[in-house]
Amino acid sequence: MSAPTPSPPAVAAHGWVQALVAVLAGLVSMGVVAALGLWAAGAADLPDGAFPRVVAATVVTAVGGTVELSGNAGALAESDAGLTVIPLSVTLTGALVLAAGFLRPLRHRAVAGAAELAGWAARIAVLWLVALLALAFSARQTFSLSLGDLTPEELGDLADLGDLFGISPEIGFTTDVPATVFFGLLWLAGVLVLALLVARGAPLPGRLLRFQESVRPAAYAMVVLLLAYVGLGVVIGLVVAATRGHAAETFAVILLGLPNLVWLALTIGLGATWNGRVDGPFGLPMPHVLDEVLRGKEVAELNLGTLSEHDGRVWWLVAVDAALLVAAAFVMARRSPARMRAWQHGVHMAVALALTVLMICLVGRISAHYGLSVLGIGDLGGDLGGELFLRPEVWSAFGLALLWGLVAGFLGGLLARPVRHRGEVAAPAGG
């Protein structure tokens, strides 16, 4: 009688309830962070009960969706406005919670089939699509503005003309539903793929196991690097709130846009240059040295040189970058197989850091403008308007990241050499 053949391991059933819990946890966490940040910024006082819709719009932009501003000032007036910014504090919160919910049913597994992973991700994607549509259709609001509420210093005779002709400008926002769905699903795919790449205990299809030795340690090191900068930014923000006042504004920055600032500092410390302009009532959040460099110029450069003209302490960014990059490279080398050489760690670190900087350049852009004109008084781009933009010089930042990554990865590999690596087996005596 032949022995029974062992049956293949049962495929874990990741059902709709688990997917719903993961999606709801991600949305609730993003909504809470966005609501607290907007409340600290004073958005709770918006008229017509608009606060929940503004929170929904913030969550939409956090996952890559598009919120369009609209203006209507009647037949005798013209208005124009636009805003493009990603509140990365909300984005980061949602990514971490969703990734944890996605990985939880897969823990303690070495290998998972591609069909199983695709089915589990598809359940989350379907529910995420429903959530995106609900957010997109709820993030709509229109506000009426009274020209009489504006001071003569701001608008001269414009307020009187508005009262004379009965002009009441309106400004509102709505979502571009197709763009929101497309970029929201793309964002979700990126989060789930990155979760599989970073988590050591996450299973991979058998065909991809050979890539985990080179990809996973580098991806994990980059996540550690980015989170370390966020943690450092939180500490600095709390110290600023406690010692310099303006606590509400500081907490608004922390809860809405802290990664926007600290990851910008990461690229500047590497030597990257961002081009920008600040005009009108717009302004960048702390530190105010950013506003000083960018305000009043057609296009200003934001880099170590221009910032140091206003505050010499900016050179500390180079030292912080160097220390954290070498530490991240050490973590990467520590999690890599012991047989890898220092130059291989340098190559892996260079590629990972360059891709990370490229991601920061793509998501860290800021653009905002507005304008108002009544009977030709005022100009959509002139005195009654304002503009803010911040754009990176992408390819120079990419090249600098490659160079820094090579050096830091090589040094991290050398530092990790005396440390026993995971999975290393001592050679037998005399072998």
# chains A, B, ... in the order shown; residues from 1 in each chain; ligands from 1
call {"tool": "select_by_dssp", "arguments": {"residues": "stretch 201-319 of chain A", "states": "alpha helix (DSSP H)", "output": "PyMOL selection string"}}
result
chain A and resi 212-243+247-269+289-294+304-308+316-319
call {"tool": "select_by_dssp", "arguments": {"residues": "stretch 135-370 of chain A", "states": "strand (DSSP E or B)", "output": "ChimeraX atom specification"}}
result
/A:141-144,170-175,204,274-279,295,300-302,366-370
call {"tool": "residues_around", "arguments": {"residues": "A:Arg295", "least_positions_apart": "6", "cutoff": "8 Å", "atoms": "only C-alpha atoms", "output": "list in words"}}
result
Arg277, Val278 and Asp279 of chain A
call {"tool": "residues_around", "arguments": {"residues": "stretch 395-403 of chain A", "least_positions_apart": "3", "cutoff": "7 Å", "atoms": "only C-alpha atoms", "output": "JSON, numbers by chain"}}
result
{"A": [270, 271, 272, 350, 351, 353, 354, 357, 358, 406, 407]}
call {"tool": "write_last_selection", "arguments": {"atoms": "C-alpha atoms", "output": "compact mmCIF listing (two decimals), in the first residue's frame"}}
result
# COMPACT_ATOMS: atom_id res chain seq x y z
CA LEU A 270 21.91 66.24 -1.49
CA GLY A 271 22.57 69.40 -3.53
CA ALA A 272 19.36 69.46 -5.58
CA ALA A 350 22.37 54.28 -5.68
CA VAL A 351 19.45 52.88 -7.67
CA LEU A 353 18.01 56.45 -3.61
CA ALA A 354 17.72 57.79 -7.16
CA VAL A 357 14.42 61.18 -5.03
CA LEU A 358 12.55 60.89 -8.33
CA LEU A 406 27.05 54.89 -4.44
CA VAL A 407 29.21 56.41 -1.71
call {"tool": "atom_distance", "arguments": {"atom1": "atom CA of A:Gly364", "atom2": "atom CA of A:Gly64"}}
result
11.7 Å
call {"tool": "residues_around", "arguments": {"residues": "A:Ala319", "least_positions_apart": "2", "cutoff": "12 Å", "atoms": "only C-alpha atoms", "output": "list in words"}}
result
Ala265, Leu266, Ile268, Gly269, Leu270, Gly271, Arg313, Val314, Trp315, Trp316, Leu317, Asp321, Ala322, Ala323, Leu324, Leu325 and Val326 of chain A
call {"tool": "residues_around", "arguments": {"residues": "A:Met349", "least_positions_apart": "4", "cutoff": "8 Å", "atoms": "only C-alpha atoms", "output": "MDAnalysis selection string"}}
result
chainID A and resid 218 329 345 353 405:406 408:409
call {"tool": "write_last_selection", "arguments": {"atoms": "C-alpha atoms", "output": "PDB file, in the first residue's frame"}}
result
ATOM      1  CA  ALA A 218      17.191  48.448  -0.553  1.00  0.00           C
ATOM      2  CA  ALA A 329      22.929  51.828   3.850  1.00  0.00           C
ATOM      3  CA  HIS A 345      25.694  47.551  -1.849  1.00  0.00           C
ATOM      4  CA  LEU A 353      18.013  56.451  -3.607  1.00  0.00           C
ATOM      5  CA  GLY A 405      23.868  56.427  -3.043  1.00  0.00           C
ATOM      6  CA  LEU A 406      27.050  54.888  -4.441  1.00  0.00           C
ATOM      7  CA  ALA A 408      26.779  55.783   1.153  1.00  0.00           C
ATOM      8  CA  GLY A 409      26.063  52.221   0.017  1.00  0.00           C
TER       9      GLY A 409
END
call {"tool": "closest_residue", "arguments": {"among": "A:Ala43, A:Ala327, A:Val130, A:Ala112", "to": "A:Gly413", "atoms": "only C-alpha atoms"}}
result
A:Ala327
call {"tool": "decode", "arguments": {"residues": "stretch 231-259 of chain A", "atoms": "C-alpha atoms", "output": "short mmCIF file (atom, residue, chain, number, x, y, z; two decimals), in the first residue's frame"}}
result
data_model
loop_
_atom_site.label_atom_id
_atom_site.label_comp_id
_atom_site.auth_asym_id
_atom_site.auth_seq_id
_atom_site.Cartn_x
_atom_site.Cartn_y
_atom_site.Cartn_z
CA GLY A 231 10.19 61.48 12.71
CA LEU A 232 12.92 64.10 12.90
CA GLY A 233 10.51 66.66 11.45
CA VAL A 234 7.87 65.81 14.06
CA VAL A 235 10.37 66.36 16.87
CA ILE A 236 11.47 69.71 15.42
CA GLY A 237 7.84 70.76 14.88
CA LEU A 238 6.89 69.95 18.48
CA VAL A 239 9.87 71.91 19.77
CA VAL A 240 8.89 74.88 17.58
CA ALA A 241 5.27 74.70 18.75
CA ALA A 242 6.36 74.62 22.39
CA THR A 243 8.98 77.38 22.25
CA ARG A 244 8.01 79.82 19.51
CA GLY A 245 4.23 79.95 19.64
CA HIS A 246 1.85 79.56 16.67
CA ALA A 247 1.09 76.05 17.88
CA ALA A 248 -2.05 75.68 15.76
CA GLU A 249 -0.26 76.58 12.52
CA THR A 250 2.62 74.25 13.40
CA PHE A 251 0.29 71.32 14.07
CA ALA A 252 -1.52 72.05 10.79
CA VAL A 253 1.80 71.73 8.96
CA ILE A 254 2.66 68.52 10.80
CA LEU A 255 -0.72 66.91 10.09
CA LEU A 256 -1.02 68.02 6.47
CA GLY A 257 2.35 68.65 4.88
CA LEU A 258 5.29 67.61 7.06
CA PRO A 259 6.73 65.12 4.51
#
